[in-house]
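Engineer: Just one file: model16.txt, with compact mmCIF, C-alpha atoms and all ligand atoms.
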# COMPACT_ATOMS: atom_id res chain seq x y z
CA MET A 1 42.60 25.48 -32.47
CA SER A 2 43.05 28.53 -30.22
CA VAL A 3 44.87 29.64 -27.08
CA LEU A 4 42.85 30.24 -23.92
CA VAL A 5 44.30 32.23 -21.04
CA TYR A 6 42.83 32.41 -17.56
CA LEU A 7 42.82 36.11 -16.63
CA GLU A 8 43.13 35.81 -12.88
CA SER A 9 41.56 38.48 -10.66
CA TRP A 10 41.79 39.09 -6.92
CA GLU A 11 38.60 40.35 -5.29
CA GLY A 12 37.54 41.59 -8.71
CA ASN A 13 40.79 43.37 -9.57
CA PHE A 14 43.51 42.51 -12.07
CA LYS A 15 47.24 42.71 -11.44
CA LYS A 16 50.27 43.11 -13.63
CA ASN A 17 50.74 39.37 -13.92
CA THR A 18 47.19 39.01 -15.32
CA TRP A 19 48.33 41.09 -18.27
CA GLU A 20 51.63 39.26 -18.41
CA SER A 21 49.68 36.01 -18.90
CA ALA A 22 47.51 37.72 -21.55
CA PHE A 23 50.62 38.89 -23.39
CA TYR A 24 52.19 35.44 -23.10
CA ALA A 25 49.03 33.88 -24.56
CA ALA A 26 48.88 36.40 -27.42
CA LYS A 27 52.53 35.79 -28.36
CA THR A 28 51.99 32.02 -28.19
CA ALA A 29 48.88 32.31 -30.37
CA GLU A 30 50.83 34.42 -32.87
CA MET A 31 53.45 31.67 -33.10
CA LEU A 32 50.77 29.00 -33.53
CA GLY A 33 48.93 31.09 -36.14
CA THR A 34 45.74 31.34 -34.12
CA GLU A 35 43.87 33.70 -31.76
CA ALA A 36 44.19 34.21 -27.99
CA ILE A 37 41.00 34.24 -25.95
CA GLY A 38 40.83 35.41 -22.32
CA LEU A 39 38.63 33.93 -19.60
CA CYS A 40 37.70 35.85 -16.43
CA ILE A 41 35.91 34.13 -13.57
CA GLY A 42 33.78 35.68 -10.81
CA ASN A 43 32.85 39.25 -9.95
CA LEU A 44 34.94 42.00 -11.54
CA ASN A 45 35.50 45.62 -10.50
CA GLU A 46 37.59 46.35 -13.58
CA ASP A 47 36.92 46.27 -17.30
CA PRO A 48 38.52 43.14 -18.83
CA SER A 49 38.45 44.60 -22.35
CA VAL A 50 41.89 46.07 -21.43
CA ALA A 51 43.21 42.60 -22.34
CA GLY A 52 42.98 43.80 -25.96
CA GLN A 53 46.02 45.98 -25.32
CA TYR A 54 48.01 42.81 -24.79
CA GLY A 55 46.79 41.03 -27.91
CA ILE A 56 43.66 39.23 -26.65
CA SER A 57 40.92 39.23 -29.29
CA LYS A 58 37.97 38.36 -27.06
CA VAL A 59 37.33 37.95 -23.34
CA LEU A 60 34.78 35.50 -21.97
CA HIS A 61 33.35 36.27 -18.54
CA LEU A 62 32.02 33.47 -16.35
CA GLU A 63 30.02 35.36 -13.75
CA ASP A 64 28.12 32.56 -11.98
CA ALA A 65 28.08 33.35 -8.24
CA ALA A 66 29.25 29.78 -7.57
CA PHE A 67 32.69 30.95 -8.75
CA ASN A 68 33.02 33.98 -6.50
CA SER A 69 35.39 32.12 -4.22
CA PHE A 70 38.33 30.21 -5.62
CA ASP A 71 38.14 26.41 -5.67
CA ALA A 72 40.80 24.66 -7.77
CA ASN A 73 38.59 21.69 -8.73
CA ASN A 74 35.64 23.87 -9.61
CA TYR A 75 37.69 26.37 -11.58
CA GLY A 76 39.65 23.57 -13.27
CA ALA A 77 36.46 21.89 -14.48
CA ALA A 78 34.99 25.18 -15.72
CA ILE A 79 38.12 26.34 -17.57
CA ALA A 80 38.43 22.91 -19.23
CA GLU A 81 34.80 23.15 -20.35
CA VAL A 82 35.29 26.64 -21.81
CA ALA A 83 38.53 25.52 -23.50
CA ALA A 84 36.68 22.64 -25.17
CA SER A 85 33.85 24.92 -26.32
CA GLN A 86 36.39 27.34 -27.84
CA GLY A 87 38.48 24.60 -29.45
CA ALA A 88 41.48 25.69 -27.36
CA ASP A 89 44.36 23.24 -27.37
CA THR A 90 46.70 25.48 -25.37
CA ILE A 91 45.68 26.88 -21.99
CA ILE A 92 47.88 29.45 -20.25
CA LEU A 93 48.04 30.06 -16.49
CA SER A 94 50.26 32.35 -14.45
CA GLY A 95 52.21 30.51 -11.72
CA THR A 96 50.56 32.38 -8.85
CA PHE A 97 49.37 30.61 -5.68
CA ASN A 98 46.00 29.99 -7.32
CA GLY A 99 47.49 29.23 -10.74
CA LYS A 100 49.71 26.51 -9.28
CA ALA A 101 46.81 25.04 -7.32
CA LEU A 102 44.59 25.08 -10.39
CA ALA A 103 47.01 23.62 -12.93
CA PRO A 104 46.79 19.89 -12.05
CA ALA A 105 42.99 19.93 -11.75
CA LEU A 106 42.73 21.76 -15.05
CA SER A 107 45.09 19.43 -16.92
CA ILE A 108 43.15 16.37 -15.67
CA ASN A 109 39.81 17.90 -16.67
CA ALA A 110 41.11 19.04 -20.05
CA ASP A 111 43.00 15.78 -20.65
CA ALA A 112 46.03 17.93 -21.44
CA ALA A 113 49.78 17.68 -20.79
CA LEU A 114 50.96 19.90 -17.92
CA LEU A 115 54.05 22.06 -18.57
CA THR A 116 55.03 23.92 -15.39
CA ASN A 117 57.69 26.40 -14.28
CA VAL A 118 57.97 27.79 -17.81
CA VAL A 119 60.22 30.85 -18.03
CA ALA A 120 60.03 31.92 -21.69
CA LEU A 121 57.79 31.93 -24.74
CA PRO A 122 57.55 28.55 -26.51
CA GLU A 123 60.63 27.57 -28.49
CA SER A 124 58.69 25.70 -31.18
CA SER A 125 55.15 24.66 -31.99
CA SER A 126 55.77 21.17 -33.37
CA PRO A 127 56.57 19.56 -31.07
CA PHE A 128 55.39 22.14 -28.56
CA SER A 129 58.58 22.97 -26.64
CA VAL A 130 59.11 25.25 -23.68
CA LYS A 131 62.04 26.34 -21.53
CA ARG A 132 61.61 25.45 -17.85
CA GLY A 133 63.53 26.20 -14.68
CA VAL A 134 64.79 23.00 -13.01
CA TYR A 135 66.77 22.04 -9.89
CA SER A 136 65.50 25.05 -7.93
CA SER A 137 66.19 27.31 -10.94
CA LYS A 138 69.88 26.36 -11.04
CA GLY A 139 69.39 25.09 -14.56
CA PHE A 140 66.96 25.02 -17.44
CA ASN A 141 65.61 22.28 -19.63
CA ILE A 142 63.65 22.33 -22.85
CA LEU A 143 60.56 20.19 -22.51
CA SER A 144 58.86 18.99 -25.68
CA SER A 145 55.36 17.57 -25.65
CA ASP A 146 53.58 15.92 -28.55
CA ALA A 147 50.27 15.79 -26.65
CA SER A 148 47.38 17.27 -28.61
CA LYS A 149 46.48 19.63 -25.72
CA ARG A 150 48.58 21.33 -23.09
CA VAL A 151 48.36 23.54 -20.00
CA VAL A 152 51.30 25.94 -19.73
CA VAL A 153 52.08 27.49 -16.32
CA PHE A 154 54.65 30.25 -16.58
CA VAL A 155 56.57 31.94 -13.79
CA PRO A 156 55.45 35.54 -13.04
CA ASN A 157 57.95 38.28 -14.02
CA SER A 158 59.38 36.11 -16.82
CA LEU A 159 58.39 38.45 -19.64
CA ALA A 160 58.94 42.08 -20.52
CA LEU A 161 55.34 43.23 -20.84
CA GLU A 162 54.44 45.37 -23.86
CA ALA A 163 51.10 47.16 -24.05
CA GLY A 164 49.71 48.23 -27.40
CA GLU A 165 46.40 49.63 -28.59
CA GLY A 166 43.12 47.82 -28.74
CA SER A 167 40.19 46.61 -26.74
CA ALA A 168 38.91 43.04 -26.51
CA ALA A 169 35.23 42.24 -27.03
CA VAL A 170 33.72 40.93 -23.78
CA GLU A 171 31.08 38.17 -23.82
CA SER A 172 29.36 36.24 -21.04
CA VAL A 173 29.89 32.52 -20.90
CA ASN A 174 28.39 29.68 -18.88
CA ALA A 175 30.28 26.66 -17.69
CA GLY A 176 30.06 24.21 -14.79
CA ALA A 177 27.33 24.58 -12.26
CA GLY A 178 29.66 25.07 -9.38
CA ASP A 179 28.37 21.76 -8.07
CA THR A 180 31.66 19.85 -8.24
CA LYS A 181 32.83 21.61 -5.07
CA ALA A 182 34.87 19.35 -2.83
CA VAL A 183 35.86 22.23 -0.56
CA GLU A 184 33.65 24.82 1.05
CA VAL A 185 35.31 28.12 2.00
CA THR A 186 33.73 29.19 5.28
CA GLU A 187 36.07 32.04 6.14
CA VAL A 188 38.94 33.91 4.50
CA ASP A 189 41.54 35.38 6.86
CA ARG A 190 43.61 37.45 4.48
CA VAL A 191 46.89 39.13 5.38
CA LYS A 192 46.11 42.76 4.65
CA GLY A 193 48.29 45.13 2.70
CA LYS A 194 50.89 42.53 1.71
CA ILE A 195 52.16 41.79 -1.77
CA PRO A 196 51.98 38.00 -2.36
CA LEU A 197 55.57 36.82 -2.72
CA PRO A 198 55.29 34.69 -5.90
CA GLU A 199 53.85 37.70 -7.73
CA ALA A 200 55.92 40.46 -6.16
CA GLU A 201 57.96 42.52 -8.61
CA ARG A 202 60.28 43.63 -5.82
CA VAL A 203 61.15 41.88 -2.56
CA VAL A 204 63.14 43.05 0.48
CA SER A 205 64.29 40.14 2.60
CA GLY A 206 65.94 39.92 6.02
CA GLY A 207 68.07 37.26 7.67
CA ARG A 208 69.52 36.42 11.04
CA GLY A 209 71.90 39.36 10.66
CA LEU A 210 69.03 41.60 11.76
CA LYS A 211 69.41 40.22 15.31
CA GLY A 212 65.72 40.17 16.26
CA PRO A 213 62.11 40.85 15.21
CA GLU A 214 62.21 44.32 16.80
CA ASN A 215 64.54 45.43 13.98
CA TRP A 216 62.19 44.60 11.11
CA GLY A 217 60.83 48.14 10.95
CA MET A 218 63.72 49.16 8.69
CA ILE A 219 63.05 46.22 6.33
CA GLU A 220 59.37 47.18 6.12
CA GLU A 221 60.24 50.82 5.56
CA LEU A 222 62.64 49.97 2.72
CA ALA A 223 60.00 47.63 1.25
CA GLU A 224 57.39 50.36 1.45
CA VAL A 225 59.48 52.90 -0.40
CA LEU A 226 60.28 50.30 -3.08
CA ASP A 227 56.64 49.10 -3.23
CA ALA A 228 58.03 45.66 -2.44
CA GLY A 229 56.94 42.53 -0.60
CA THR A 230 58.87 41.35 2.48
CA ALA A 231 60.57 37.97 2.86
CA CYS A 232 63.01 36.26 5.22
CA SER A 233 65.41 33.37 5.58
CA LYS A 234 64.35 30.07 7.16
CA PRO A 235 65.90 30.54 10.63
CA VAL A 236 64.11 33.87 10.90
CA SER A 237 60.71 32.26 10.41
CA ASP A 238 61.72 29.21 12.50
CA MET A 239 62.44 31.58 15.41
CA ASP A 240 59.05 33.26 14.85
CA TRP A 241 60.65 36.61 14.12
CA ARG A 242 58.54 36.63 10.94
CA PRO A 243 55.59 34.53 9.70
CA HIS A 244 56.29 31.33 7.77
CA SER A 245 54.48 32.82 4.77
CA GLU A 246 57.60 35.01 4.27
CA HIS A 247 60.13 32.17 4.28
CA VAL A 248 61.84 31.88 0.88
CA GLY A 249 64.20 29.18 -0.35
CA GLN A 250 64.34 25.50 -1.03
CA THR A 251 61.88 24.64 1.73
CA GLY A 252 60.01 27.95 1.48
CA ILE A 253 58.54 29.87 -1.42
CA ALA A 254 60.49 30.09 -4.68
CA ILE A 255 60.32 33.59 -6.11
CA LYS A 256 61.43 35.43 -9.25
CA PRO A 257 61.05 39.16 -8.64
CA ASN A 258 62.69 41.79 -10.81
CA LEU A 259 64.54 43.03 -7.69
CA TYR A 260 65.57 41.00 -4.61
CA VAL A 261 67.27 42.90 -1.79
CA ALA A 262 68.85 40.55 0.77
CA VAL A 263 69.79 42.13 4.10
CA GLY A 264 71.87 40.22 6.65
CA ILE A 265 71.43 36.90 4.84
CA SER A 266 74.51 34.71 4.33
CA GLY A 267 73.38 33.18 1.01
CA ALA A 268 73.30 29.50 1.95
CA ILE A 269 72.62 27.18 -0.97
CA GLN A 270 69.15 26.35 0.40
CA HIS A 271 68.26 30.06 0.50
CA LEU A 272 69.64 30.71 -2.99
CA ALA A 273 67.58 27.82 -4.36
CA GLY A 274 64.44 29.91 -3.93
CA VAL A 275 65.72 33.35 -4.93
CA SER A 276 68.54 32.97 -7.46
CA ALA A 277 66.13 33.26 -10.40
CA SER A 278 65.49 36.91 -9.40
CA ASN A 279 66.34 39.27 -12.24
CA THR A 280 68.49 41.63 -10.11
CA ILE A 281 69.94 40.72 -6.70
CA VAL A 282 71.24 43.31 -4.24
CA VAL A 283 73.09 42.02 -1.17
CA ILE A 284 73.77 43.99 2.01
CA ASN A 285 76.07 42.13 4.40
CA LYS A 286 78.81 43.20 6.77
CA ASP A 287 80.96 40.19 5.85
CA ALA A 288 82.70 40.69 2.49
CA GLU A 289 83.19 36.90 2.30
CA ALA A 290 79.45 36.12 2.62
CA PRO A 291 78.58 33.59 -0.14
CA PHE A 292 75.59 35.69 -1.23
CA PHE A 293 77.92 38.22 -2.88
CA LYS A 294 78.80 35.59 -5.53
CA ALA A 295 75.15 35.55 -6.64
CA ALA A 296 74.70 39.33 -6.37
CA ASP A 297 74.41 41.86 -9.19
CA TYR A 298 75.10 44.65 -6.68
CA GLY A 299 76.63 44.29 -3.25
CA ILE A 300 77.11 46.62 -0.29
CA VAL A 301 79.60 45.50 2.34
CA GLY A 302 78.41 47.22 5.49
CA ASP A 303 76.37 47.11 8.65
CA ALA A 304 72.69 46.77 7.76
CA PHE A 305 71.78 49.08 10.65
CA GLU A 306 73.73 51.87 8.96
CA VAL A 307 73.19 51.01 5.29
CA VAL A 308 69.44 50.30 5.20
CA PRO A 309 68.22 53.58 6.81
CA LYS A 310 70.55 55.55 4.49
CA LEU A 311 69.33 53.64 1.45
CA THR A 312 65.70 54.20 2.43
CA ALA A 313 66.31 57.91 2.97
CA ALA A 314 68.09 58.21 -0.40
CA LEU A 315 65.27 56.42 -2.19
CA LYS A 316 62.68 58.65 -0.53
CA GLU A 317 64.60 61.72 -1.62
CA PHE A 318 64.94 60.36 -5.16
CA LYS A 319 61.21 59.64 -5.34
CA ALA A 320 60.34 63.08 -4.00
CA ASN A 321 62.44 64.75 -6.71
CA ASN A 322 61.41 62.58 -9.65
C1 LIG B 1 67.29 20.84 4.36
C2 LIG B 1 67.48 22.32 4.56
C3 LIG B 1 66.60 23.19 3.96
C4 LIG B 1 66.77 24.56 4.15
N1 LIG B 1 65.89 25.44 3.52
C5 LIG B 1 66.11 26.77 3.65
C6 LIG B 1 65.27 27.70 2.96
O1 LIG B 1 64.33 27.33 2.28
N2 LIG B 1 65.54 29.03 3.11
C7 LIG B 1 66.57 29.50 3.89
O2 LIG B 1 66.74 30.71 3.97
N3 LIG B 1 67.37 28.62 4.53
C8 LIG B 1 67.17 27.29 4.45
N4 LIG B 1 67.96 26.43 5.14
C9 LIG B 1 68.94 27.00 6.11
C10 LIG B 1 70.21 27.46 5.43
O3 LIG B 1 71.11 26.39 5.31
C11 LIG B 1 70.88 28.57 6.28
O4 LIG B 1 71.11 28.08 7.56
C12 LIG B 1 70.04 29.84 6.37
O5 LIG B 1 69.63 30.28 5.10
C13 LIG B 1 70.85 30.93 7.05
O6 LIG B 1 70.02 32.02 7.31
P1 LIG B 1 70.64 33.48 7.44
O7 LIG B 1 71.47 33.76 6.25
O8 LIG B 1 69.52 34.39 7.77
O9 LIG B 1 71.53 33.36 8.76
P2 LIG B 1 73.10 33.25 8.96
O10 LIG B 1 73.68 32.11 8.21
O11 LIG B 1 73.32 33.30 10.41
O12 LIG B 1 73.68 34.56 8.28
C14 LIG B 1 73.50 35.84 8.78
C15 LIG B 1 74.26 36.80 7.90
O13 LIG B 1 74.06 38.10 8.37
C16 LIG B 1 75.28 38.81 8.27
N5 LIG B 1 75.23 39.89 9.27
C17 LIG B 1 75.30 39.78 10.61
N6 LIG B 1 75.15 40.99 11.18
C18 LIG B 1 74.98 41.87 10.18
C19 LIG B 1 74.80 43.27 10.12
N7 LIG B 1 74.71 44.02 11.24
N8 LIG B 1 74.68 43.86 8.91
C20 LIG B 1 74.75 43.13 7.78
N9 LIG B 1 74.93 41.80 7.76
C21 LIG B 1 75.04 41.18 8.95
C22 LIG B 1 76.36 37.80 8.55
O14 LIG B 1 77.60 38.21 7.99
C23 LIG B 1 75.78 36.57 7.88
O15 LIG B 1 76.23 36.47 6.53
C24 LIG B 1 67.81 25.06 4.96
C25 LIG B 1 68.70 24.15 5.56
C26 LIG B 1 68.54 22.78 5.36
C27 LIG B 1 69.51 21.85 6.00
What is this structure when it is put down as structure tokens?
Ligand SMILES: Cc1cc2nc3c(=O)[nH]c(=O)nc-3n(C[C@H](O)[C@H](O)[C@H](O)COP(=O)(O)OP(=O)(O)OC[C@H]3O[C@@H](n4cnc5c(N)ncnc54)[C@H](O)[C@@H]3O)c2cc1C
Structural biologist:
Amino acid sequence: MSVLVYLESWEGNFKKNTWESAFYAAKTAEMLGTEAIGLCIGNLNEDPSVAGQYGISKVLHLEDAAFNSFDANNYGAAIAEVAASQGADTIILSGTFNGKALAPALSINADAALLTNVVALPESSSPFSVKRGVYSSKGFNILSSDASKRVVVFVPNSLALEAGEGSAAVESVNAGAGDTKAVEVTEVDRVKGKIPLPEAERVVSGGRGLKGPENWGMIEELAEVLDAGTACSKPVSDMDWRPHSEHVGQTGIAIKPNLYVAVGISGAIQHLAGVSASNTIVVINKDAEAPFFKAADYGIVGDAFEVVPKLTAALKEFKANN
């Protein structure tokens, strides 16, 4: 029995949520009285032994060139094979774009129960019980599974990450031949310089109150100073003011950043469904009666065209002096 965590990398680099998943796995292993093993797949530019700082005892590296581009079926088969070889009965994934795509394929290949949208460390080991967000994060449920194996997909930014000392031993591993590919990636057209929304720690979002796409410069500038991703409400993407990849809400992407700044967004229930799990919500709206203020931790009643440039300038000044 052990816990295996997929240490996701992007073009060979790790991100904060890689280490969050490592930490989650280590804490789960501690509760189960076993060890946490990391698995990296594909080319790496960074040293995965850093996982030791988050409680991972050993990191396996699957370097086969067949895995250099992400394919959910291929990766799912390989991770299941490594899990079996390591006697892992719990497999941890971060709920990133790739993690969510991978989870069903992995659970089928590993013959494991699939526990998704998990927002906290397991509540108990027998039965294995986790807390999940439900109804667009308006509520929680505790899901118990008595399956002998499980895949746990947890929502990024759900844990306070703690780094300690230590370095994990790194070993090469072989699995799969990369020949189960159902999809061939012929070209990747990546949006450059953007922080993927499901993983973003901070998000600045604009709504119809911004009047038009020509006014998005101030949203981007505020996002830049906060090192944040940018998002928008549905009508904004429907009108092509912003790309659909930025649309958050019930019919868009559901996010859980540490900070969500909503500018000129009314706070309709369908919008809140995708953002209300954010740890801190700041609302800027000129209408004091806007429903979003009820969900806000901090609110500024004012004209976005006055407030946002002042806020950006104040943040720049603060950063320059600290
Ligand atoms: C089935 C269904 C699914 C949906 N899914 C989604 C979804 O996933 N995501 C989503 O966002 N919506 C969704 N919607 C649409 C949703 O109901 C709202 O219509 C939408 O969220 C409103 O967008 P908005 O807040 O940008 O625009 P508005 O409702 O027009 O609000 C604009 C806000 O800007 C404020 N404002 C105006 N000028 C300024 C200014 N100068 N400074 C500051 N504030 C200003 C106004 O006071 C107002 O509160 C869905 C609707 C349906 C029916």
Engineer: All residues within 8 Å of ligand LIG 1 (chain B) are required, counting all atoms listed in the file; please report them as a tab-separated table (two decimals) with C-alpha atoms, in the frame of the given file.
Structural biologist:
chain	number	residue	atom	x	y	z
A	206	GLY	CA	65.94	39.92	6.02
A	207	GLY	CA	68.07	37.26	7.67
A	208	ARG	CA	69.52	36.42	11.04
A	209	GLY	CA	71.90	39.36	10.66
A	210	LEU	CA	69.03	41.60	11.76
A	211	LYS	CA	69.41	40.22	15.31
A	232	CYS	CA	63.01	36.26	5.22
A	233	SER	CA	65.41	33.37	5.58
A	234	LYS	CA	64.35	30.07	7.16
A	235	PRO	CA	65.90	30.54	10.63
A	236	VAL	CA	64.11	33.87	10.90
A	247	HIS	CA	60.13	32.17	4.28
A	248	VAL	CA	61.84	31.88	0.88
A	249	GLY	CA	64.20	29.18	-0.35
A	250	GLN	CA	64.34	25.50	-1.03
A	251	THR	CA	61.88	24.64	1.73
A	252	GLY	CA	60.01	27.95	1.48
A	253	ILE	CA	58.54	29.87	-1.42
A	263	VAL	CA	69.79	42.13	4.10
A	264	GLY	CA	71.87	40.22	6.65
A	265	ILE	CA	71.43	36.90	4.84
A	266	SER	CA	74.51	34.71	4.33
A	267	GLY	CA	73.38	33.18	1.01
A	268	ALA	CA	73.30	29.50	1.95
A	269	ILE	CA	72.62	27.18	-0.97
A	270	GLN	CA	69.15	26.35	0.40
A	271	HIS	CA	68.26	30.06	0.50
A	272	LEU	CA	69.64	30.71	-2.99
A	273	ALA	CA	67.58	27.82	-4.36
A	274	GLY	CA	64.44	29.91	-3.93
A	284	ILE	CA	73.77	43.99	2.01
A	285	ASN	CA	76.07	42.13	4.40
A	286	LYS	CA	78.81	43.20	6.77
A	287	ASP	CA	80.96	40.19	5.85
A	288	ALA	CA	82.70	40.69	2.49
A	290	ALA	CA	79.45	36.12	2.62
A	291	PRO	CA	78.58	33.59	-0.14
A	292	PHE	CA	75.59	35.69	-1.23
A	301	VAL	CA	79.60	45.50	2.34
A	302	GLY	CA	78.41	47.22	5.49
A	303	ASP	CA	76.37	47.11	8.65
A	304	ALA	CA	72.69	46.77	7.76
A	305	PHE	CA	71.78	49.08	10.65
Engineer: Select from stretch 112-207 of chain A every residue with an atom at most 7 Å from any atom of stretch 62-65 of chain A, then for each give the shortest pair of atoms and their distance in Å to one decimal, using only C-alpha atoms, rows by chain and rising number, as JSON lines.
Structural biologist:
{"residue": "A:Ser172", "atom": "CA", "partner": "A:Leu62", "partner_atom": "CA", "distance": 6.1}
{"residue": "A:Val173", "atom": "CA", "partner": "A:Leu62", "partner_atom": "CA", "distance": 5.1}
{"residue": "A:Asn174", "atom": "CA", "partner": "A:Leu62", "partner_atom": "CA", "distance": 5.8}
Engineer: Is it possible to get the residues within 9 Å of (56.9, 35.8, -6.8) (coordinates as in the file, counting all atoms listed in the file) written as a PyMOL selection string?
Structural biologist: chain A and resi 95-96+155-157+196-203+253-257
Engineer: Write the selection just made, keeping C-alpha atoms, as a tab-separated table (two decimals), in the coordinates of the input?
Structural biologist:
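Contents of the output file again.tsv:
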chain	number	residue	atom	x	y	z
A	95	GLY	CA	52.21	30.51	-11.72
A	96	THR	CA	50.56	32.38	-8.85
A	155	VAL	CA	56.57	31.94	-13.79
A	156	PRO	CA	55.45	35.54	-13.04
A	157	ASN	CA	57.95	38.28	-14.02
A	196	PRO	CA	51.98	38.00	-2.36
A	197	LEU	CA	55.57	36.82	-2.72
A	198	PRO	CA	55.29	34.69	-5.90
A	199	GLU	CA	53.85	37.70	-7.73
A	200	ALA	CA	55.92	40.46	-6.16
A	201	GLU	CA	57.96	42.52	-8.61
A	202	ARG	CA	60.28	43.63	-5.82
A	203	VAL	CA	61.15	41.88	-2.56
A	253	ILE	CA	58.54	29.87	-1.42
A	254	ALA	CA	60.49	30.09	-4.68
A	255	ILE	CA	60.32	33.59	-6.11
A	256	LYS	CA	61.43	35.43	-9.25
A	257	PRO	CA	61.05	39.16	-8.64
Engineer: Mind pulling up the distance from atom CA of A:Phe70 to atom CA of A:Lys149?
Structural biologist: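 Calculated distance between atom CA of A:Lys149 and atom CA of A:Phe70 is 24.1 Å.
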Engineer: Quick one: pull the distance between atom CA of A:Lys294 and atom CA of A:Ser137, Å, one decimal.
Structural biologist: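 Computing the Euclidean distance for atom CA of A:Lys294 and atom CA of A:Ser137 yields 16.0 Å.
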Engineer: May I ask for the distance between atom CA of A:Leu60 and atom CA of A:Cys40, given in Å to one decimal place?
Structural biologist: 6.3 Å
Engineer: Of the candidates A:Tyr135, A:Glu221, A:Glu289, A:Glu187, which shows the shortest atom-to-atom distance to A:Ser276, using all atoms listed in the file?
Structural biologist: A:Tyr135
Engineer: From the options A:Ile195, A:Ala110, A:Ala29, A:Ala101, which residue's atoms come nearest to A:Ala80, counting only C-alpha atoms?
Structural biologist: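 Closest to A:Ala80, using only C-alpha atoms: A:Ala110.
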Engineer: Can you work out which one of A:Leu114, A:Ala320, A:Met31, A:Leu106 has the shortest atom-to-atom distance to A:Tyr75, counting only C-alpha atoms?
Structural biologist: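 The answer is A:Leu106, which sits nearest to A:Tyr75.
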Engineer: Find the residues near A:Asn73: any atom within 12 Å, counting all atoms listed in the file, skip ones fewer than 4 places away on the same chain, and give them as a list in words.
Structural biologist: Phe67, Ser69, Ala77, Ala78, Ile79, Ala80, Asn98, Gly99, Ala101, Leu102, Ala103, Pro104, Ala105, Leu106, Ser107, Ile108, Asn109, Ala110, Gly176, Gly178, Asp179, Thr180, Lys181, Ala182, Val183 and Glu184 of chain A
Engineer: Would you tabulate, counting all atoms listed in the file, all residues of stretch 55-134 of chain A that have an atom at most 8 Å from an atom of stretch 4-10 of chain A, showing the closest pair of atoms and their distance in Å to one decimal, sorted by chain then ascending number, as a tab-separated table?
Structural biologist:
residue	atom	partner	partner_atom	distance
A:Ile79	CA	A:Tyr6	CA	7.7
A:Ala83	CA	A:Leu4	CA	6.4
A:Ala88	CA	A:Leu4	CA	5.9
A:Asp89	CA	A:Leu4	CA	7.9
A:Thr90	CA	A:Leu4	CA	6.3
A:Ile91	CA	A:Leu4	CA	4.8
A:Ile92	CA	A:Val5	CA	4.6
A:Leu93	CA	A:Tyr6	CA	5.8
Engineer: Can you work out which one of A:Ser148, A:Ser21, A:Thr230, A:Asn279 has the shortest atom-to-atom distance to A:Leu39, counting all atoms listed in the file?
Structural biologist: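 Going through A:Ser148, A:Ser21, A:Thr230, A:Asn279 one by one, the smallest distance to A:Leu39 is for A:Ser21.
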Engineer: Quick one: stretch 143-154 of chain A with N, CA and C atoms, as an mmCIF file, in the coordinates of the input?
Structural biologist:
data_model
loop_
_atom_site.group_PDB
_atom_site.id
_atom_site.type_symbol
_atom_site.label_atom_id
_atom_site.label_comp_id
_atom_site.auth_asym_id
_atom_site.auth_seq_id
_atom_site.Cartn_x
_atom_site.Cartn_y
_atom_site.Cartn_z
ATOM 1 N N LEU A 143 61.507 21.310 -22.576
ATOM 2 C CA LEU A 143 60.560 20.190 -22.510
ATOM 3 C C LEU A 143 59.694 20.209 -23.763
ATOM 4 N N SER A 144 59.687 19.085 -24.471
ATOM 5 C CA SER A 144 58.860 18.990 -25.680
ATOM 6 C C SER A 144 57.698 18.039 -25.392
ATOM 7 N N SER A 145 56.533 18.416 -25.852
ATOM 8 C CA SER A 145 55.360 17.570 -25.650
ATOM 9 C C SER A 145 54.656 17.386 -26.982
ATOM 10 N N ASP A 146 54.344 16.121 -27.308
ATOM 11 C CA ASP A 146 53.580 15.920 -28.550
ATOM 12 C C ASP A 146 52.110 15.635 -28.243
ATOM 13 N N ALA A 147 51.689 15.948 -26.999
ATOM 14 C CA ALA A 147 50.270 15.790 -26.650
ATOM 15 C C ALA A 147 49.445 16.762 -27.506
ATOM 16 N N SER A 148 48.207 16.411 -27.748
ATOM 17 C CA SER A 148 47.380 17.270 -28.610
ATOM 18 C C SER A 148 46.889 18.512 -27.867
ATOM 19 N N LYS A 149 46.885 18.454 -26.513
ATOM 20 C CA LYS A 149 46.480 19.630 -25.720
ATOM 21 C C LYS A 149 47.471 19.820 -24.571
ATOM 22 N N ARG A 150 47.604 21.063 -24.159
ATOM 23 C CA ARG A 150 48.580 21.330 -23.090
ATOM 24 C C ARG A 150 48.132 22.502 -22.215
ATOM 25 N N VAL A 151 48.522 22.427 -20.936
ATOM 26 C CA VAL A 151 48.360 23.540 -20.000
ATOM 27 C C VAL A 151 49.763 24.059 -19.709
ATOM 28 N N VAL A 152 49.978 25.351 -19.934
ATOM 29 C CA VAL A 152 51.300 25.940 -19.730
ATOM 30 C C VAL A 152 51.229 26.887 -18.522
ATOM 31 N N VAL A 153 52.052 26.629 -17.506
ATOM 32 C CA VAL A 153 52.080 27.490 -16.320
ATOM 33 C C VAL A 153 53.407 28.228 -16.325
ATOM 34 N N PHE A 154 53.368 29.544 -16.501
ATOM 35 C CA PHE A 154 54.650 30.250 -16.580
ATOM 36 C C PHE A 154 54.887 31.089 -15.330
#
